[in-house]
$ cat model.txt   # compact mmCIF, C-alpha atoms
# COMPACT_ATOMS: atom_id res chain seq x y z
CA ARG A 158 98.32 87.31 -5.10
CA PHE A 159 95.66 89.99 -4.83
CA LEU A 160 95.16 89.51 -1.09
CA VAL A 161 98.89 89.48 -0.39
CA ALA A 162 99.30 92.80 -2.20
CA GLY A 163 96.39 94.25 -0.21
CA LEU A 164 97.90 93.21 3.10
CA GLN A 165 101.12 95.03 2.22
CA LEU A 166 99.42 98.39 1.63
CA GLU A 167 99.72 101.20 4.13
CA GLY A 168 96.48 102.78 5.38
CA SER A 169 92.94 102.31 4.14
CA HIS A 170 91.87 102.32 0.52
CA VAL A 171 88.54 102.18 -1.25
CA VAL A 172 88.67 100.36 -4.58
CA ASN A 173 86.25 98.83 -7.03
CA VAL A 174 87.12 95.15 -7.28
CA ALA A 175 86.05 94.42 -10.82
CA GLY A 176 87.30 93.02 -14.06
CA ASP A 177 87.35 94.64 -17.46
CA ASP A 178 84.38 92.65 -18.79
CA GLU A 179 81.06 94.42 -19.07
CA VAL A 180 78.25 91.99 -18.18
CA SER A 181 74.55 92.42 -17.55
CA ILE A 182 72.37 90.67 -14.99
CA GLN A 183 71.00 88.63 -17.89
CA ASP A 184 74.56 87.65 -18.91
CA ILE A 185 75.29 86.49 -15.36
CA GLY A 186 72.10 84.41 -15.19
CA THR A 187 72.66 82.90 -18.62
CA GLN A 188 76.26 81.93 -17.88
CA LEU A 189 75.39 80.48 -14.46
CA ALA A 190 72.62 78.40 -16.01
CA ALA A 191 74.95 77.15 -18.75
CA LEU A 192 77.54 76.08 -16.17
CA HIS A 193 74.83 74.01 -14.49
CA GLY A 194 73.61 72.57 -17.80
CA ARG A 195 70.31 74.42 -17.62
CA GLU A 196 68.45 77.00 -19.62
CA VAL A 197 67.14 80.20 -18.16
CA HIS A 198 64.25 82.27 -19.43
CA PHE A 199 63.88 85.95 -18.65
CA GLU A 200 60.66 87.85 -18.49
CA HIS A 201 61.02 91.48 -19.41
CA ARG A 202 58.38 93.74 -17.93
CA GLY A 203 57.80 97.22 -19.19
CA GLN A 204 60.39 99.58 -20.55
CA ALA A 205 63.92 98.85 -19.42
CA ALA A 206 65.98 101.69 -18.01
CA HIS A 207 68.93 102.17 -20.32
CA TRP A 208 71.62 103.17 -17.93
CA HIS A 209 74.72 101.13 -17.51
CA LEU A 210 76.98 101.18 -14.51
CA ARG A 211 80.58 100.20 -14.97
CA ALA A 212 83.07 100.04 -12.16
CA ASN A 213 86.30 101.93 -12.72
CA ASN A 214 89.01 99.48 -11.72
CA GLN A 215 92.03 101.70 -12.45
CA ARG A 216 92.76 102.37 -8.75
CA MET A 217 92.60 98.63 -8.01
CA LYS A 218 95.05 97.92 -10.82
CA ALA A 219 97.46 100.64 -9.66
CA LEU A 220 97.37 99.81 -5.93
CA PHE A 221 97.62 96.05 -6.34
CA GLY A 222 99.90 95.99 -9.37
CA VAL A 223 97.33 94.03 -11.34
CA GLU A 224 97.73 93.94 -15.10
CA GLU A 225 96.10 90.70 -16.22
CA LEU A 226 92.62 89.95 -14.96
CA THR A 227 90.64 86.75 -15.11
CA SER A 228 87.74 87.02 -17.52
CA PHE A 229 84.25 87.06 -16.05
CA GLN A 230 83.42 83.74 -17.69
CA ASP A 231 86.57 82.01 -16.38
CA GLY A 232 86.13 83.48 -12.90
CA LEU A 233 82.50 82.39 -12.76
CA ALA A 234 83.45 78.88 -13.90
CA CYS A 235 86.10 78.64 -11.13
CA PHE A 236 83.60 79.92 -8.56
CA VAL A 237 80.96 77.36 -9.56
CA ALA A 238 83.55 74.56 -9.60
CA ALA A 239 84.67 75.50 -6.07
CA ILE A 240 81.08 75.48 -4.80
CA ASN A 241 80.39 72.13 -6.47
CA LYS A 242 83.59 70.68 -4.96
CA GLU A 243 82.64 71.96 -1.51
CA GLU A 244 79.20 70.36 -1.79
CA THR A 245 80.70 66.97 -2.68
CA ASP A 246 83.39 66.99 0.06
$ encode --input "model.txt" --output "structure tokens"
Amino acid sequence: RFLVAGLQLEGSHVVNVAGDDEVSIQDIGTQLAALHGREVHFEHRGQAAHWHLRANNQRMKALFGVEELTSFQDGLACFVAAINKEETD
């Protein structure tokens, strides 16, 4: 659905392709490990920089007519399932 809408646009557009969920690198690692039935341990070194970057996805939603987005957790689970299926085929 997203790709079809993109192909119908006139001209070139720069958009942030992102969901509404705010996730950290640690969140991504933890969720990936859980999907593989593993635990992950993080080593924090020094003082962490406390700046957060969040992609503004309003242009993406407007251009592609997107209202409902897949959650990060559901999207990651689908991605891992597709990779696992590809490896077994």
$ residues_around --input "model.txt" --residues "region 215-232 of chain A" --least-positions-apart "3" --cutoff "10 Å" --atoms "all atoms listed in the file" --output "ChimeraX atom specification"
/A:158-166,170-180,184-185,188-189,192,212,235-238
$ closest_residue --input "model.txt" --among "A:Glu167, A:Gln183, A:Asp246, A:Asn241" --to "Glu200 (chain A)" --atoms "only C-alpha atoms"
A:Gln183
$ atom_distance --input "model.txt" --atom1 "CA of Gly203 (chain A)" --atom2 "CA of Ala190 (chain A)"
24.2 Å
$ atom_distance --input "model.txt" --atom1 "CA of Ile240 (chain A)" --atom2 "CA of Ile182 (chain A)"
20.3 Å
$ closest_residue --input "model.txt" --among "A:Ser169, A:Asn213, A:Leu233, A:Arg202" --to "Thr187 (chain A)" --atoms "only C-alpha atoms"
A:Leu233
$ atom_distance --input "model.txt" --atom1 "CA of Glu244 (chain A)" --atom2 "CA of Gly186 (chain A)"
20.7 Å
